[in-house]
Amino acid sequence: MQRDVENFNSYNYGDGTYWDARYIKEAGAFDWYQRYSSLRPFFLKFIPFSSRILMVGCGNAVLSEDMVKDGYEDIMNTDISSVAIEMMKKKYKDIPQLKCILIK
């Protein structure tokens with residue numbers, strides 16, 4: 001059985017420039033997996049508020065923000081998109097519980 005590869009979209013999800021272009025084009029916040037409200041019961045059961053949390057591939061999601069509003073104290077957001085990280089740094093500059101770093 002042959003695959004018709006011309007009908008497949010190919011995206012390079014591992015390339016920061018792909019994500020930079022996407023976040024410039026689609027600037028609104030987006031949570032890929034679930035919103036915090038769906039994950040909250042699991043987080044509250046298994047992750048103490050004082051935990052140091054590493055958010056890998058944060059993009060421009062509001063998950064970390066919602067976690068801080070709920071009482072989480074130390075979240076490090078990381079991403080390969082410089083656009084996403086700069087957006088997050090500006091948005092959360094007055095929230096010391098949220099830190100953002102670019103991963104290359």
# chains A, B, ... in the order shown; residues from 1 in each chain; ligands from 1

call {"tool": "select_by_dssp", "arguments": {"residues": "chain A", "states": "strand (DSSP E)", "output": "list of chain:residue names"}}
result
A:Arg52, A:Ile53, A:Leu54, A:Met55, A:Val56, A:Asp74, A:Ile75, A:Met76, A:Asn77, A:Thr78, A:Asp79, A:Leu98, A:Lys99, A:Cys100, A:Ile101, A:Leu102

call {"tool": "write_last_selection", "arguments": {"atoms": "N, CA and C atoms", "output": "PDB file, in the first residue's frame"}}
result
ATOM      1  N   ARG A  52       9.277  22.896  42.575  1.00  0.00           N
ATOM      2  CA  ARG A  52       9.903  23.608  41.461  1.00  0.00           C
ATOM      3  C   ARG A  52       9.448  22.895  40.192  1.00  0.00           C
ATOM      4  N   ILE A  53       8.751  23.609  39.314  1.00  0.00           N
ATOM      5  CA  ILE A  53       8.113  22.998  38.151  1.00  0.00           C
ATOM      6  C   ILE A  53       8.804  23.470  36.876  1.00  0.00           C
ATOM      7  N   LEU A  54       9.143  22.511  36.017  1.00  0.00           N
ATOM      8  CA  LEU A  54       9.727  22.816  34.714  1.00  0.00           C
ATOM      9  C   LEU A  54       8.656  22.589  33.656  1.00  0.00           C
ATOM     10  N   MET A  55       8.269  23.659  32.975  1.00  0.00           N
ATOM     11  CA  MET A  55       7.252  23.601  31.926  1.00  0.00           C
ATOM     12  C   MET A  55       7.981  23.574  30.575  1.00  0.00           C
ATOM     13  N   VAL A  56       8.145  22.388  30.020  1.00  0.00           N
ATOM     14  CA  VAL A  56       8.889  22.218  28.771  1.00  0.00           C
ATOM     15  C   VAL A  56       7.949  22.455  27.589  1.00  0.00           C
ATOM     16  N   ASP A  74       6.842  28.336  41.974  1.00  0.00           N
ATOM     17  CA  ASP A  74       8.110  28.377  41.232  1.00  0.00           C
ATOM     18  C   ASP A  74       7.990  27.573  39.939  1.00  0.00           C
ATOM     19  N   ILE A  75       7.735  28.280  38.835  1.00  0.00           N
ATOM     20  CA  ILE A  75       7.560  27.616  37.546  1.00  0.00           C
ATOM     21  C   ILE A  75       8.554  28.199  36.541  1.00  0.00           C
ATOM     22  N   MET A  76       9.319  27.308  35.919  1.00  0.00           N
ATOM     23  CA  MET A  76      10.261  27.699  34.878  1.00  0.00           C
ATOM     24  C   MET A  76       9.676  27.279  33.534  1.00  0.00           C
ATOM     25  N   ASN A  77       9.323  28.248  32.711  1.00  0.00           N
ATOM     26  CA  ASN A  77       8.798  28.002  31.363  1.00  0.00           C
ATOM     27  C   ASN A  77       9.960  27.964  30.383  1.00  0.00           C
ATOM     28  N   THR A  78       9.991  26.943  29.527  1.00  0.00           N
ATOM     29  CA  THR A  78      11.039  26.846  28.512  1.00  0.00           C
ATOM     30  C   THR A  78      10.406  26.579  27.149  1.00  0.00           C
ATOM     31  N   ASP A  79      11.079  27.056  26.109  1.00  0.00           N
ATOM     32  CA  ASP A  79      10.602  26.802  24.751  1.00  0.00           C
ATOM     33  C   ASP A  79      11.740  27.044  23.774  1.00  0.00           C
ATOM     34  N   LEU A  98       6.935  33.078  37.919  1.00  0.00           N
ATOM     35  CA  LEU A  98       7.082  32.578  36.550  1.00  0.00           C
ATOM     36  C   LEU A  98       8.374  33.101  35.933  1.00  0.00           C
ATOM     37  N   LYS A  99       9.211  32.183  35.506  1.00  0.00           N
ATOM     38  CA  LYS A  99      10.443  32.519  34.811  1.00  0.00           C
ATOM     39  C   LYS A  99      10.389  31.894  33.426  1.00  0.00           C
ATOM     40  N   CYS A 100      11.057  32.514  32.461  1.00  0.00           N
ATOM     41  CA  CYS A 100      11.012  32.014  31.080  1.00  0.00           C
ATOM     42  C   CYS A 100      12.411  32.025  30.478  1.00  0.00           C
ATOM     43  N   ILE A 101      12.790  30.902  29.884  1.00  0.00           N
ATOM     44  CA  ILE A 101      14.090  30.849  29.204  1.00  0.00           C
ATOM     45  C   ILE A 101      13.957  30.162  27.843  1.00  0.00           C
ATOM     46  N   LEU A 102      14.776  30.651  26.921  1.00  0.00           N
ATOM     47  CA  LEU A 102      14.847  30.092  25.575  1.00  0.00           C
ATOM     48  C   LEU A 102      15.800  28.909  25.579  1.00  0.00           C
TER      49      LEU A 102
END

call {"tool": "atom_distance", "arguments": {"atom1": "CA of Val68 (chain A)", "atom2": "CA of Lys90 (chain A)"}}
result
16.3 Å

call {"tool": "closest_residue", "arguments": {"among": "A:Phe43, A:Tyr18, A:Tyr92, A:Tyr11", "to": "Tyr72 (chain A)", "atoms": "only C-alpha atoms"}}
result
A:Phe43

call {"tool": "residues_around", "arguments": {"residues": "Gly14 (chain A)", "least_positions_apart": "3", "cutoff": "12 Å", "atoms": "only C-alpha atoms", "output": "MDAnalysis selection string"}}
result
chainID A and resid 10:11 17:20 57 79:81 103:104

call {"tool": "residues_around", "arguments": {"residues": "Ala27 (chain A)", "least_positions_apart": "6", "cutoff": "12 Å", "atoms": "only C-alpha atoms", "output": "JSON list (two decimals) with N, CA, C and O atoms, in the first residue's frame"}}
result
[["chain", "number", "residue", "atom", "x", "y", "z"],
["A", 19, "TRP", "N", 8.04, 27.63, 14.94],
["A", 19, "TRP", "CA", 7.20, 28.13, 16.03],
["A", 19, "TRP", "C", 7.21, 29.65, 16.08],
["A", 19, "TRP", "O", 6.17, 30.26, 16.38],
["A", 20, "ASP", "N", 8.35, 30.28, 15.79],
["A", 20, "ASP", "CA", 8.39, 31.74, 15.76],
["A", 20, "ASP", "C", 7.36, 32.27, 14.78],
["A", 20, "ASP", "O", 6.57, 33.17, 15.10],
["A", 21, "ALA", "N", 7.35, 31.71, 13.57],
["A", 21, "ALA", "CA", 6.40, 32.15, 12.54],
["A", 21, "ALA", "C", 4.96, 31.89, 12.98],
["A", 21, "ALA", "O", 4.08, 32.72, 12.77],
["A", 59, "GLY", "N", 5.31, 27.35, 25.02],
["A", 59, "GLY", "CA", 4.63, 28.13, 23.99],
["A", 59, "GLY", "C", 4.07, 29.41, 24.58],
["A", 59, "GLY", "O", 4.72, 30.08, 25.38],
["A", 60, "ASN", "N", 2.83, 29.72, 24.24],
["A", 60, "ASN", "CA", 2.19, 30.91, 24.81],
["A", 60, "ASN", "C", 0.97, 30.51, 25.65],
["A", 60, "ASN", "O", 0.04, 31.29, 25.84],
["A", 61, "ALA", "N", 1.00, 29.29, 26.16],
["A", 61, "ALA", "CA", -0.11, 28.76, 26.96],
["A", 61, "ALA", "C", -0.26, 29.52, 28.28],
["A", 61, "ALA", "O", 0.71, 30.05, 28.81],
["A", 83, "VAL", "N", 10.16, 33.90, 19.95],
["A", 83, "VAL", "CA", 8.96, 34.74, 19.94],
["A", 83, "VAL", "C", 8.07, 34.40, 21.14],
["A", 83, "VAL", "O", 7.61, 35.29, 21.86],
["A", 84, "ALA", "N", 7.84, 33.12, 21.37],
["A", 84, "ALA", "CA", 7.01, 32.71, 22.50],
["A", 84, "ALA", "C", 7.63, 33.13, 23.82],
["A", 84, "ALA", "O", 6.94, 33.66, 24.71],
["A", 86, "GLU", "N", 9.78, 35.58, 24.43],
["A", 86, "GLU", "CA", 9.70, 37.04, 24.60],
["A", 86, "GLU", "C", 8.29, 37.48, 24.96],
["A", 86, "GLU", "O", 8.11, 38.37, 25.80],
["A", 87, "MET", "N", 7.29, 36.87, 24.35],
["A", 87, "MET", "CA", 5.89, 37.17, 24.70],
["A", 87, "MET", "C", 5.62, 36.85, 26.16],
["A", 87, "MET", "O", 5.00, 37.65, 26.87],
["A", 88, "MET", "N", 6.10, 35.69, 26.60],
["A", 88, "MET", "CA", 5.88, 35.26, 27.97],
["A", 88, "MET", "C", 6.63, 36.17, 28.96],
["A", 88, "MET", "O", 6.09, 36.54, 30.00]]
